[in-house]
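As structure tokens, the structure follows; a few thoughts come after it.
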Amino acid sequence: MTRQATGGSLAARFVVLGEHTLEHAELCWDERGCLRRVRRSRGPVRDVCVIPGLVDAHCHLHIDVVPGAPRRFVPWLGAVMARRATLPAAAEVAATRTAIRGLLQSGTTAVGDIDATGRAFAPLSRSPLAGRQYRELTGFHLAATAARALVHERALRPAGALAVGLSPHAPYSVSPALFRAAASRSRHLAIHCAEVPEEQQFLRSGTGPFAELLASLGRLPAAFRAPGVGAVKWLERLGVLRPTTLLVHCQELERGDVTRLASAGVAIVVCPGTIEYFQRAAPPVPRWLAAGIPVALGTDSRASNPSWSMLDELRRAARLWPSLGPTQLLQLATTNGGRALDLPRLGRLGRGGRADFCLLPAANSAAASVEALVYGEAPVLATYCAGRRFGTKSAAVATL
Ligand SMILES: [Zn+2]
């Protein structure tokens with residue numbers, strides 16, 4: 001994990017840069033893994049298609065499989081919390097390392113990770129992956145002083161290729177004071193939003209399974225009064241809907257919410273594996289994209305997804321949103337991921353950015369090569385992170 005990338009170059013039959021594609025092109029990068037040139041090649045090329053490295057815009061790397069986890073959300077959440085309470089720290093570090101290997105083997109070069117315990121920071125910041133890690137905050141019972149103290153304790157400093165942010169977990173688990181403290185401390189927030197109908201019920205009326213869960217945990221303040229609006233309006237009122245905020249799931253949006261989110265400039269990350277796990281309806285991603293909302297894809301966690309593979313997410317996305325073409329689907333997993341994390345150089349290939357890319361078998365065209373990948377007919381042959389090659393079964397991955 002400590003070996004530095006050396007400078008190098010690769011000439012390919014097709015190179016997908018982001019929105020644009022080149023034929024017979026060469027990528028050259030320096031010893032820091034930074035792209036120096038992307039240009040047409042006059043020499044021989046490898047018969048491959050290069051695409052930008054995939055961006056997993058929402059994951060919880062340290063959460064491993066939760067045996068017997070239910071498929072109803074609130075009991076599932078209880079099972080995840082109970083499991084976390086009993087796991088030794090070493091198990092979370094090991095799960096994070098396993099996740100990093102799984103991501104690299106399947107074409108992912110950047111993540112938006114949510115760290116609830118602080119144990120994923122060291123392995124991720126020392127890994128080849130880029131992206132942003134958000135330290136999670138929960139505390140529905142916290143008033144202003146305690147909220148500021150928690151934010152102060154949890155705030156991270158960037159390290160290596162890793163930018164940082166905060167993740168006030170969700171409107172049903174974070175007090176108004178904690179949302180405000182997080183927003184004043186960090187420009188970059190990741191929030192689970194409008195995930196299930198019970199969340200909207202709780203915010204509208206203060207009743208239902210979330211009220212019961214919070215009461216059982218001793219976290220429902222006696223003075224609590226429901227805000228009386230849905231999750232998006234509530235977050236808007238709290239002042240946390242900003243262009244550098246990323247919302248996760250948004251399964252249960254209400255009338256007017258799409259306009260609200262588009263005008264606030266926030267990004268949405270959807271997690272196809274989690275949608276399938278809980279057998280949820282597909283949210284209207286094509287409508288969100290048409291409204292100008294950047295929509296990205298995430299693997300979420302092993303507690304609701306059998307794999308760490310963004311390739312699996314792409315294939316699920318193709319099933320959930322059949323009206324989106326392969327190029328648009330790839331954008332969800334690349335350029336839109338970079339935008340969602342407010343790291344717009346990720347998920348595209350350009351001079352000055354990292355040499356993060358994947359090699360696919362070349363078909364008749366770049367579009368046909370991407371199509372074969374998205375529909376599961378072609379593999380990722382190798383992943384390059386900052387110019388360093390990780391074959392899908394390479395020793396370099398095994399030593400991480
Ligand atoms: Zn999540």
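Letters A, B, ... go to the chains of the structure tokens in the order shown; residues in each chain start at 1; ligands are counted from 1 in the same order.
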Quiz item: Out of segment 253-320 of chain A, which residues get strand (DSSP E or B) from DSSP, as a list in words?
Solution: Ala267, Ile268, Val269, Val270, Val295, Ala296, Leu297 and Asp300 of chain A
Quiz prompt | Distance filter 10 Å around ligand 1, atoms: only C-alpha atoms and all ligand atoms, out as a list in words | solution =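 Listing the residues within 10 Å of ligand 1 gives His58, Cys59, His60, Asp113, Ile114, Ser167, His169, Ala170, Ala190, Ile191, His192, Cys193, Glu195, Leu247, Val248, His249, Val269, Val270, Cys271, Thr274, Gly298, Thr299, Asp300, Ser301, Ala303 and Ser304 of chain A.
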Self-check item: Exercise: Ala110 of chain A partners within 12 Å, only C-alpha atoms, chain neighbours under 2 positions left out, as a ChimeraX atom specification
Solution: /A:52-59,100,103-104,106-108,112-113,124-125,127-133,161-163,297-298,310,333-335,337-338,340-341,343-348,354-357,383-386
Neighbouring residues of Asn336 of chain A were defined as those with any atom within 7 Å, considering only C-alpha atoms; residues of the same chain fewer than 3 positions away were excluded. Please report them as a compact mmCIF listing (two decimals) with N, CA, C and O atoms, in the first residue's frame.
```
# COMPACT_ATOMS: atom_id res chain seq x y z
N PRO A 294 -27.75 16.22 -10.37
CA PRO A 294 -26.74 15.19 -10.62
C PRO A 294 -27.07 13.95 -9.78
O PRO A 294 -27.14 14.03 -8.56
N VAL A 295 -27.29 12.84 -10.44
CA VAL A 295 -27.60 11.59 -9.75
C VAL A 295 -26.41 10.65 -9.91
O VAL A 295 -25.92 10.45 -11.02
N ALA A 296 -25.95 10.10 -8.80
CA ALA A 296 -24.80 9.19 -8.82
C ALA A 296 -25.21 7.86 -8.20
O ALA A 296 -26.31 7.72 -7.65
N GLN A 331 -22.24 7.57 -16.92
CA GLN A 331 -22.05 8.89 -16.31
C GLN A 331 -22.50 8.90 -14.84
O GLN A 331 -21.90 9.59 -14.02
N LEU A 332 -23.56 8.14 -14.52
CA LEU A 332 -23.99 8.07 -13.11
C LEU A 332 -22.86 7.51 -12.26
O LEU A 332 -22.70 7.90 -11.10
N ALA A 333 -22.10 6.59 -12.83
CA ALA A 333 -21.04 5.90 -12.07
C ALA A 333 -19.69 6.58 -12.19
O ALA A 333 -18.71 6.09 -11.62
N ARG A 339 -19.11 14.82 -9.30
CA ARG A 339 -19.89 16.03 -8.98
C ARG A 339 -20.56 15.89 -7.63
O ARG A 339 -20.61 16.83 -6.84
N ALA A 340 -21.12 14.72 -7.34
CA ALA A 340 -21.82 14.52 -6.06
C ALA A 340 -20.87 14.72 -4.88
O ALA A 340 -21.27 15.24 -3.83
```
Practice problem: In Å, rounded to a single decimal, give me how far atom CA of Gly165 of chain A is from atom CA of Leu238 of chain A. | Solution: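 Interatomic distance, atom CA of Leu238 of chain A to atom CA of Gly165 of chain A: 17.8 Å.
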Practice problem: Name the residues of segment 98-280 of chain A that come out as alpha helix (DSSP H) in a backbone DSSP run; write them as a PyMOL selection string. | Solution: chain A and resi 98-105+121-125+144-154+176-185+197-205+209-216+231-238+257-264+272-277
